[in-house]
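entry-v6.txt follows; it contains compact mmCIF, C-alpha atoms.
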```
# COMPACT_ATOMS: atom_id res chain seq x y z
CA MET A 1 -39.29 -49.82 -14.94
CA SER A 2 -36.93 -48.25 -17.48
CA PHE A 3 -33.19 -48.58 -17.07
CA MET A 4 -31.00 -45.54 -16.48
CA HIS A 5 -29.55 -44.14 -19.67
CA LYS A 6 -25.98 -45.27 -20.32
CA ASP A 7 -24.70 -41.68 -20.28
CA ILE A 8 -26.02 -41.20 -16.73
CA LEU A 9 -24.48 -44.51 -15.69
CA ARG A 10 -21.15 -43.42 -17.19
CA SER A 11 -21.31 -40.15 -15.24
CA ILE A 12 -22.01 -41.92 -11.95
CA VAL A 13 -19.14 -44.34 -12.48
CA TRP A 14 -16.81 -41.43 -13.29
CA ILE A 15 -17.80 -39.72 -10.03
CA ALA A 16 -17.13 -42.93 -8.12
CA ILE A 17 -13.56 -43.26 -9.31
CA SER A 18 -12.67 -39.57 -9.11
CA VAL A 19 -10.86 -37.99 -6.19
CA PHE A 20 -13.27 -36.91 -3.46
CA SER A 21 -11.59 -33.51 -3.17
CA THR A 22 -14.49 -31.19 -2.45
CA LEU A 23 -14.84 -32.17 1.18
CA ALA A 24 -12.83 -30.85 4.11
CA CYS A 25 -9.52 -32.48 4.89
CA GLY A 26 -7.12 -32.59 7.79
CA ALA A 27 -9.83 -32.39 10.46
CA VAL A 28 -9.15 -33.84 13.92
CA VAL A 29 -10.99 -37.09 14.56
CA SER A 30 -13.03 -37.22 17.77
CA VAL A 31 -14.78 -40.09 19.54
CA ASP A 32 -17.55 -39.82 22.11
CA THR A 33 -20.17 -42.08 23.69
CA VAL A 34 -23.79 -41.55 22.64
CA GLU A 35 -27.22 -43.10 23.07
CA PHE A 36 -28.56 -44.24 19.70
CA ARG A 37 -31.71 -46.24 18.94
CA GLY A 38 -31.97 -47.52 22.51
CA TRP A 39 -28.31 -48.50 22.95
CA ASP A 40 -26.57 -46.37 25.58
CA GLY A 41 -22.96 -47.31 24.86
CA CYS A 42 -22.61 -46.47 21.17
CA LEU A 43 -19.36 -44.88 19.98
CA ARG A 44 -19.54 -41.94 17.58
CA ILE A 45 -16.56 -41.09 15.38
CA ARG A 46 -16.46 -37.64 13.73
CA ASP A 47 -13.90 -35.99 11.49
CA GLY A 48 -15.67 -32.82 10.37
CA VAL A 49 -16.82 -34.44 7.13
CA ALA A 50 -18.74 -37.52 8.21
CA SER A 51 -19.96 -39.31 11.32
CA VAL A 52 -19.97 -43.03 12.08
CA ILE A 53 -21.68 -44.71 15.03
CA VAL A 54 -20.51 -48.15 16.17
CA ASN A 55 -22.66 -50.28 18.45
CA PRO A 56 -20.61 -52.56 20.76
CA GLU A 57 -23.76 -53.81 22.53
CA TYR A 58 -25.25 -55.73 19.58
CA GLY A 59 -22.65 -57.32 17.33
CA GLY A 60 -20.08 -54.53 17.19
CA HIS A 61 -21.59 -53.24 13.93
CA ILE A 62 -21.84 -49.82 12.27
CA VAL A 63 -25.35 -48.45 12.84
CA TYR A 64 -24.89 -44.95 11.39
CA TYR A 65 -22.88 -43.49 8.52
CA GLY A 66 -23.62 -40.08 7.06
CA LEU A 67 -22.08 -36.89 5.75
CA ASP A 68 -22.37 -34.03 8.22
CA GLU A 69 -23.38 -31.53 5.54
CA VAL A 70 -26.46 -33.62 4.76
CA GLY A 71 -27.10 -35.06 8.21
CA ASP A 72 -28.92 -38.31 7.58
CA ASN A 73 -28.09 -41.99 8.04
CA VAL A 74 -27.56 -43.74 4.71
CA LEU A 75 -27.84 -47.23 6.23
CA TRP A 76 -31.14 -49.14 6.33
CA THR A 77 -32.44 -49.63 9.87
CA ASP A 78 -34.93 -52.06 11.38
CA SER A 79 -36.71 -50.33 14.27
CA VAL A 80 -37.85 -53.68 15.66
CA VAL A 81 -34.34 -54.43 16.92
CA ASN A 82 -33.78 -51.05 18.59
CA GLY A 83 -32.10 -51.63 21.95
CA TRP A 84 -31.78 -55.38 21.40
CA THR A 85 -29.01 -57.58 22.77
CA LEU A 86 -28.11 -61.23 22.32
CA ARG A 87 -30.92 -62.08 24.73
CA GLU A 88 -33.59 -60.86 22.30
CA PHE A 89 -31.84 -62.23 19.22
CA VAL A 90 -31.60 -65.88 20.28
CA PRO A 91 -35.36 -66.66 20.51
CA THR A 92 -36.32 -64.58 17.46
CA ARG A 93 -33.36 -64.98 15.04
CA ARG A 94 -34.08 -61.44 13.81
CA SER A 95 -30.68 -60.19 12.75
CA PRO A 96 -28.84 -56.92 13.35
CA ASP A 97 -29.30 -54.34 10.60
CA SER A 98 -27.27 -51.52 8.96
CA GLY A 99 -23.52 -52.08 8.52
CA ARG A 100 -23.20 -55.59 9.86
CA PHE A 101 -20.25 -57.97 9.61
CA ASP A 102 -20.14 -61.75 9.71
CA ILE A 103 -17.97 -64.73 8.87
CA GLY A 104 -19.06 -67.64 6.71
CA ASN A 105 -19.94 -69.26 4.56
CA GLU A 106 -23.52 -68.93 5.72
CA ARG A 107 -24.48 -72.60 5.91
CA LYS A 108 -21.34 -73.40 7.87
CA THR A 109 -21.74 -70.70 10.51
CA GLU A 110 -25.43 -69.75 10.70
CA ASN A 111 -26.21 -71.94 13.73
CA ILE A 112 -22.99 -71.39 15.69
CA HIS A 113 -22.16 -67.69 15.27
CA ASP A 114 -24.62 -66.06 17.70
CA THR A 115 -22.08 -64.48 20.06
CA ILE A 116 -20.04 -62.81 17.32
CA TRP A 117 -23.10 -61.89 15.23
CA ALA A 118 -25.35 -60.35 17.90
CA GLY A 119 -23.39 -60.50 21.13
CA PRO A 120 -21.54 -57.80 23.10
CA TYR A 121 -18.13 -56.46 22.10
CA SER A 122 -15.60 -54.67 24.25
CA SER A 123 -14.21 -51.43 22.84
CA TYR A 124 -10.84 -49.69 22.74
CA MET A 125 -9.39 -46.51 21.26
CA ILE A 126 -7.21 -46.41 18.15
CA GLU A 127 -5.83 -43.58 16.06
CA ASP A 128 -8.64 -41.98 14.01
CA GLY A 129 -11.31 -44.30 15.36
CA VAL A 130 -12.32 -47.17 17.62
CA GLY A 131 -11.82 -50.90 17.88
CA VAL A 132 -14.19 -53.58 19.13
CA ALA A 133 -13.47 -57.15 20.23
CA SER A 134 -15.83 -60.10 20.57
CA LEU A 135 -15.99 -62.66 23.31
CA PRO A 136 -14.27 -65.94 22.44
CA CYS A 137 -16.63 -68.08 20.35
CA GLU A 138 -15.86 -71.63 21.41
CA SER A 139 -18.30 -73.19 18.93
CA MET A 140 -16.35 -71.67 16.03
CA GLY A 141 -12.92 -71.68 17.63
CA VAL A 142 -12.34 -67.98 16.95
CA LYS A 143 -12.30 -64.51 18.42
CA LEU A 144 -12.92 -61.41 16.28
CA ARG A 145 -11.76 -57.80 16.35
CA ARG A 146 -12.70 -54.90 14.11
CA GLU A 147 -11.11 -51.50 13.85
CA TYR A 148 -13.07 -48.61 12.37
CA ARG A 149 -11.21 -45.51 11.18
CA LEU A 150 -12.64 -42.31 9.71
CA GLN A 151 -10.48 -40.07 7.52
CA LYS A 152 -11.82 -37.30 5.26
CA GLY A 153 -15.26 -38.89 5.36
CA LYS A 154 -14.01 -42.31 4.28
CA VAL A 155 -14.48 -45.33 6.56
CA SER A 156 -11.72 -47.94 6.75
CA VAL A 157 -12.59 -51.28 8.34
CA SER A 158 -9.94 -53.77 9.43
CA GLN A 159 -11.14 -57.20 10.56
CA PHE A 160 -9.11 -59.74 12.53
CA LEU A 161 -10.05 -63.40 12.98
CA THR A 162 -7.92 -65.23 15.56
CA ASN A 163 -7.90 -69.00 15.88
CA ILE A 164 -8.27 -69.72 19.62
CA GLY A 165 -8.45 -73.51 19.25
CA THR A 166 -5.97 -76.33 18.74
CA ASP A 167 -6.87 -77.19 15.14
CA PRO A 168 -6.86 -75.10 11.95
CA VAL A 169 -10.11 -73.29 11.12
CA GLU A 170 -11.46 -72.29 7.70
CA TYR A 171 -13.74 -69.26 7.35
CA CYS A 172 -14.29 -66.27 5.10
CA PHE A 173 -15.03 -62.68 6.07
CA TRP A 174 -18.54 -61.77 4.93
CA THR A 175 -19.38 -58.07 4.89
CA ARG A 176 -23.11 -57.35 4.78
CA THR A 177 -24.12 -53.70 4.33
CA LEU A 178 -27.82 -52.78 4.19
CA LEU A 179 -28.97 -49.72 2.21
CA PRO A 180 -32.53 -48.59 1.39
CA ALA A 181 -34.23 -49.99 -1.72
CA GLY A 182 -35.08 -47.71 -4.62
CA GLY A 183 -31.58 -47.02 -5.97
CA MET A 184 -29.27 -48.59 -8.53
CA TYR A 185 -26.52 -51.09 -7.69
CA MET A 186 -23.50 -51.44 -9.99
CA ALA A 187 -20.50 -53.75 -10.16
CA LYS A 188 -18.30 -55.04 -12.93
CA ALA A 189 -19.16 -58.60 -13.95
CA GLU A 190 -16.35 -60.60 -15.49
CA LYS A 191 -17.30 -63.49 -17.77
CA SER A 192 -15.54 -66.81 -17.16
CA GLU A 193 -15.83 -70.43 -18.22
CA ARG A 194 -17.78 -71.12 -15.06
CA TYR A 195 -19.96 -67.99 -15.17
CA ALA A 196 -20.58 -67.34 -18.86
CA LYS A 197 -22.52 -64.10 -18.27
CA GLY A 198 -20.55 -62.94 -15.24
CA PHE A 199 -23.47 -63.33 -12.83
CA ALA A 200 -26.28 -65.67 -11.83
CA GLU A 201 -29.30 -65.68 -9.59
CA ILE A 202 -29.06 -67.88 -6.49
CA CYS A 203 -32.04 -69.80 -5.12
CA LEU A 204 -32.65 -68.67 -1.54
CA LYS A 205 -33.92 -72.10 -0.44
CA THR A 206 -31.46 -74.47 -2.11
CA ASP A 207 -28.41 -72.22 -2.79
CA LYS A 208 -28.35 -73.53 -6.38
CA LEU A 209 -27.86 -71.26 -9.36
CA LEU A 210 -31.07 -70.39 -11.17
CA ASN A 211 -30.12 -68.42 -14.29
CA ALA A 212 -28.34 -65.34 -15.57
CA SER A 213 -31.34 -63.68 -17.17
CA GLU A 214 -32.00 -59.97 -17.43
CA THR A 215 -35.27 -58.75 -15.90
CA ASN A 216 -36.90 -55.42 -15.10
CA ARG A 217 -34.79 -55.46 -11.89
CA VAL A 218 -31.46 -56.74 -13.23
CA THR A 219 -29.38 -56.15 -16.33
CA CYS A 220 -25.79 -56.86 -17.36
CA ARG A 221 -24.43 -54.93 -20.32
CA ASN A 222 -20.98 -53.83 -21.42
CA GLY A 223 -19.48 -55.67 -18.46
CA TRP A 224 -21.58 -53.85 -15.83
CA PHE A 225 -24.08 -55.72 -13.66
CA CYS A 226 -26.88 -53.39 -12.52
CA ALA A 227 -29.71 -54.12 -10.09
CA TYR A 228 -32.68 -52.01 -9.06
CA PRO A 229 -33.76 -53.22 -5.61
CA GLY A 230 -37.43 -53.12 -4.70
CA GLY A 231 -40.55 -55.03 -5.66
CA ASP A 232 -42.36 -57.66 -3.65
CA VAL A 233 -40.07 -60.63 -4.44
CA GLU A 234 -36.74 -61.46 -2.77
CA HIS A 235 -33.70 -62.02 -5.00
CA LYS A 236 -30.11 -63.03 -4.46
CA TYR A 237 -27.35 -62.77 -7.07
CA GLY A 238 -23.73 -63.76 -7.34
CA ILE A 239 -21.47 -61.46 -9.36
CA ASN A 240 -18.05 -62.41 -10.66
CA THR A 241 -16.38 -59.13 -9.68
CA GLU A 242 -12.59 -58.93 -9.97
CA ASP A 243 -11.86 -55.28 -9.12
CA GLY A 244 -13.24 -55.30 -5.56
CA VAL A 245 -15.58 -52.35 -6.11
CA SER A 246 -19.36 -52.18 -5.53
CA LEU A 247 -21.45 -49.03 -6.06
CA TYR A 248 -24.96 -48.02 -5.04
CA ALA A 249 -26.60 -44.79 -6.21
CA PHE A 250 -29.65 -43.69 -4.25
CA GLY A 251 -31.20 -40.42 -3.20
CA ARG A 252 -28.44 -37.82 -2.91
CA TYR A 253 -25.60 -40.32 -2.55
CA LEU A 254 -23.30 -42.69 -4.29
CA TYR A 255 -22.04 -45.31 -1.81
CA LYS A 256 -18.79 -47.05 -2.75
CA LYS A 257 -17.46 -50.21 -1.10
CA THR A 258 -13.92 -51.33 -1.95
CA LEU A 259 -12.27 -54.62 -0.98
CA PRO A 260 -8.94 -56.32 -1.72
CA VAL A 261 -8.68 -58.12 -5.05
CA PHE A 262 -8.12 -61.84 -5.29
CA ILE A 263 -8.27 -63.62 -8.66
CA VAL A 264 -10.26 -66.85 -8.76
CA GLU A 265 -8.83 -69.73 -10.75
CA SER A 266 -10.91 -72.82 -11.40
CA ASP A 267 -10.91 -76.13 -13.23
CA ASN A 268 -14.56 -75.43 -14.19
CA SER A 269 -15.94 -77.99 -11.77
CA SER A 270 -18.31 -77.19 -8.93
CA GLU A 271 -15.86 -78.47 -6.34
CA SER A 272 -12.52 -76.91 -7.18
CA ASN A 273 -11.45 -73.28 -7.15
CA TRP A 274 -8.55 -71.45 -5.63
CA VAL A 275 -7.19 -67.94 -5.56
CA ARG A 276 -4.14 -66.16 -6.84
CA ALA A 277 -2.83 -63.05 -5.10
CA SER A 278 0.30 -60.94 -5.02
CA GLU A 279 3.01 -61.57 -2.44
CA GLU A 280 2.11 -58.25 -0.83
CA MET A 281 -1.52 -59.33 -0.56
CA MET A 282 -0.58 -62.70 0.94
CA GLN A 283 1.58 -60.96 3.57
CA ALA A 284 -1.30 -58.62 4.43
CA MET A 285 -3.50 -61.60 5.31
CA GLY A 286 -1.36 -62.44 8.35
CA GLU A 287 1.16 -65.14 9.32
CA GLY A 288 -0.05 -68.73 9.44
CA VAL A 289 -2.89 -67.91 7.03
CA THR A 290 -3.58 -69.40 3.59
CA ALA A 291 -6.25 -68.36 1.09
CA ILE A 292 -7.81 -71.58 -0.18
CA GLY A 293 -10.53 -70.29 -2.53
CA TYR A 294 -13.96 -68.74 -2.54
CA ASP A 295 -16.75 -70.91 -1.19
CA ASN A 296 -20.20 -69.39 -1.22
CA ASN A 297 -23.13 -71.55 -0.20
CA GLY A 298 -23.32 -74.59 -2.45
CA GLY A 299 -19.65 -74.38 -3.36
CA GLU A 300 -19.99 -71.43 -5.73
CA SER A 301 -17.08 -69.01 -6.06
CA PHE A 302 -18.54 -65.52 -6.42
CA PRO A 303 -16.40 -62.79 -4.79
CA ASN A 304 -19.49 -60.61 -4.70
CA MET A 305 -23.15 -61.17 -3.82
CA ILE A 306 -26.25 -59.07 -3.29
CA TYR A 307 -29.66 -59.74 -1.78
CA PHE A 308 -32.62 -57.41 -2.18
CA CYS A 309 -36.27 -57.18 -1.24
CA GLU A 310 -38.86 -54.42 -1.13
CA ASP A 311 -37.12 -52.68 1.81
CA PHE A 312 -33.38 -52.83 1.24
CA ILE A 313 -30.40 -54.13 -0.67
CA GLU A 314 -27.74 -56.12 1.15
CA MET A 315 -24.32 -55.68 -0.41
CA GLU A 316 -22.53 -58.80 0.79
CA PRO A 317 -19.18 -59.44 -0.86
CA ASN A 318 -16.91 -61.92 0.88
CA SER A 319 -13.25 -62.75 1.16
CA PRO A 320 -11.73 -66.03 0.04
CA VAL A 321 -11.87 -68.77 2.66
CA PHE A 322 -8.81 -68.46 4.87
CA ARG A 323 -7.22 -71.47 6.57
CA VAL A 324 -5.90 -70.15 9.88
CA SER A 325 -3.54 -72.18 12.00
CA PRO A 326 -3.90 -72.25 15.83
CA GLY A 327 -2.89 -69.01 17.51
CA ASN A 328 -2.71 -67.05 14.26
CA THR A 329 -4.87 -64.25 12.91
CA ALA A 330 -6.38 -63.63 9.47
CA ILE A 331 -6.75 -59.99 8.41
CA TRP A 332 -9.24 -58.45 5.98
CA GLN A 333 -9.78 -54.80 5.11
CA GLU A 334 -12.36 -52.77 3.23
CA SER A 335 -13.34 -49.12 2.80
CA TRP A 336 -16.62 -47.19 2.47
CA GLN A 337 -17.08 -43.84 0.80
CA LEU A 338 -20.07 -41.53 0.36
CA ILE A 339 -20.09 -39.21 -2.62
CA PRO A 340 -22.84 -36.57 -2.91
CA ILE A 341 -24.83 -36.59 -6.13
CA GLU A 342 -26.11 -33.12 -6.95
```
For this file, produce the structure as structure tokens.
Amino acid sequence: MSFMHKDILRSIVWIAISVFSTLACGAVVSVDTVEFRGWDGCLRIRDGVASVIVNPEYGGHIVYYGLDEVGDNVLWTDSVVNGWTLREFVPTRRSPDSGRFDIGNERKTENIHDTIWAGPYSSYMIEDGVGVASLPCESMGVKLRREYRLQKGKVSVSQFLTNIGTDPVEYCFWTRTLLPAGGMYMAKAEKSERYAKGFAEICLKTDKLLNASETNRVTCRNGWFCAYPGGDVEHKYGINTEDGVSLYAFGRYLYKKTLPVFIVESDNSSESNWVRASEEMMQAMGEGVTAIGYDNNGGESFPNMIYFCEDFIEMEPNSPVFRVSPGNTAIWQESWQLIPIE
């Protein structure tokens, strides 16, 4: 496989940061209930530019996102789970697909998060979109809400993690978007004392770092980490991204995911890292909430991760770990944008 010429890469990046002004604006947002992939109670949000479908019946996730002028779903779907509920998930452990959301880190929550990962959510109306709320998860001591808004084709996601117990809890928000393989993923990779090349491969079995080597599927040049998902081998990478932006070019689209920016500070050990953020950012996290550092599996501190296989890429950046005192709520926000590539 040959890598995309740097001039094409530069053009794609320029499109990603430019104003998305060619699409309609000022359209009224509408919400209706639709049947989609075997789920009867899905909620469709439309604004005249794009459509989003949220599925409260199986994890409260986004199962469709597409521009109306093109008319197709950009998210990767697994037909095996069509119509599934928590009842089918528990014995199989086959996860929800598409635009899924979780809290972590993975090793801490993987065996106790079933109800918030694949369970039912109640729904409610908000301006420009819909909200969904989980059942209380006693095993984790939390209850989750998400609010999805659609404006000029851009999706805004607000997540709320409320401590329902009597002791502080410590979790991160872990956003896990699946897109079809065959495209090109891009994110800035910042070099640091801990991550000399700005990225590293992560062993799927042990969570340990493997290397930071370029291959026919991965390269990192001029501060840009690029991956070309596909092939018959699974890979997972951590990327030291500091600007909160991830891009994926595929087919007729450029997909852009943007998250808040926290700066990681570390003493270069494997056990100590913390975050620095502006006063405005700290206030936006919620009262009674402290950011205590990134903690990926194995104690690594990548703000950004990806997994890919022959079928899809999973863009899975995460927030810092938040310590949330009893009765308080941590808040995390991100946005999605689809930009047509002619």
Give me the residues within 6 Å of A:Thr162 as a PDB file with C-alpha atoms, in the frame of the given file, counting all atoms listed in the file and dropping any in the same chain fewer than 2 places off.
```pdb
ATOM      1  CA  VAL A 142     -12.340 -67.980  16.950  1.00  0.00           C
ATOM      2  CA  LYS A 143     -12.300 -64.510  18.420  1.00  0.00           C
ATOM      3  CA  ASN A 328      -2.710 -67.050  14.260  1.00  0.00           C
ATOM      4  CA  THR A 329      -4.870 -64.250  12.910  1.00  0.00           C
TER       5      THR A 329
END
```
Mind checking which residues fall within 10 Å of A:Val90, counting all atoms listed in the file, ignoring those fewer than 6 positions away in the same chain, and posting them as a count of residues only?
4
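Among the candidates A:Asn318, A:Ser123, A:Gln337, A:Thr109, the one nearest to A:Gly41 when counting all atoms listed in the file is A:Ser123.
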Would you pick out the contacts of A:Ser139 at 12 Å or less, using only C-alpha atoms, so that residues sharing its chain but fewer than 2 positions from it are not included, and give the list as a PyMOL selection string?
chain A and resi 108-116+135-137+141-143+163-165+169
Would you export the selected residues with C-alpha atoms as a CSV table (one decimal), keeping the file's coordinate frame, please?
```csv
chain,number,residue,atom,x,y,z
A,108,LYS,CA,-21.3,-73.4,7.9
A,109,THR,CA,-21.7,-70.7,10.5
A,110,GLU,CA,-25.4,-69.8,10.7
A,111,ASN,CA,-26.2,-71.9,13.7
A,112,ILE,CA,-23.0,-71.4,15.7
A,113,HIS,CA,-22.2,-67.7,15.3
A,114,ASP,CA,-24.6,-66.1,17.7
A,115,THR,CA,-22.1,-64.5,20.1
A,116,ILE,CA,-20.0,-62.8,17.3
A,135,LEU,CA,-16.0,-62.7,23.3
A,136,PRO,CA,-14.3,-65.9,22.4
A,137,CYS,CA,-16.6,-68.1,20.4
A,141,GLY,CA,-12.9,-71.7,17.6
A,142,VAL,CA,-12.3,-68.0,17.0
A,143,LYS,CA,-12.3,-64.5,18.4
A,163,ASN,CA,-7.9,-69.0,15.9
A,164,ILE,CA,-8.3,-69.7,19.6
A,165,GLY,CA,-8.4,-73.5,19.2
A,169,VAL,CA,-10.1,-73.3,11.1
```
Would you kindly return, as a PyMOL selection string, each protein, DNA or RNA residue with an atom no farther than 12 Å from any atom of A:Asn105, considering only C-alpha atoms and excluding same-chain residues fewer than 4 positions away?
chain A and resi 109-113+170-175+207+293-303+316-322
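Nearest to A:Ser246 of all the residues A:Val34, A:Val130, A:Leu144, A:Leu259 is A:Leu259, based on all atoms listed in the file.
In this comparison, which uses all atoms listed in the file, the residue of A:Arg100, A:Arg37, A:Arg44, A:Arg146 approaching A:Val80 most closely is A:Arg37.
Comparing the minimum interatomic distances between A:Ser95 and each of A:Ile62, A:Leu210, A:Val81, A:Val49, counting only C-alpha atoms, we find that A:Val81 sits nearest.
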Spatial neighbours of A:Glu127, 10 Å, all atoms listed in the file, chain gap at least 3 places, as a ChimeraX atom specification
/A:29-30,130-131,147-150
Show me as a short mmCIF file (atom, residue, chain, number, x, y, z; two decimals) with C-alpha atoms, in the frame of the given file the residues that reach within 8 Å of (-39.7, -56.3, -7.8), counting all atoms listed in the file and using the file's own coordinates.
```
data_model
loop_
_atom_site.label_atom_id
_atom_site.label_comp_id
_atom_site.auth_asym_id
_atom_site.auth_seq_id
_atom_site.Cartn_x
_atom_site.Cartn_y
_atom_site.Cartn_z
CA ASN A 216 -36.90 -55.42 -15.10
CA ARG A 217 -34.79 -55.46 -11.89
CA PRO A 229 -33.76 -53.22 -5.61
CA GLY A 230 -37.43 -53.12 -4.70
CA GLY A 231 -40.55 -55.03 -5.66
CA ASP A 232 -42.36 -57.66 -3.65
CA VAL A 233 -40.07 -60.63 -4.44
CA GLU A 234 -36.74 -61.46 -2.77
CA CYS A 309 -36.27 -57.18 -1.24
CA GLU A 310 -38.86 -54.42 -1.13
#
```
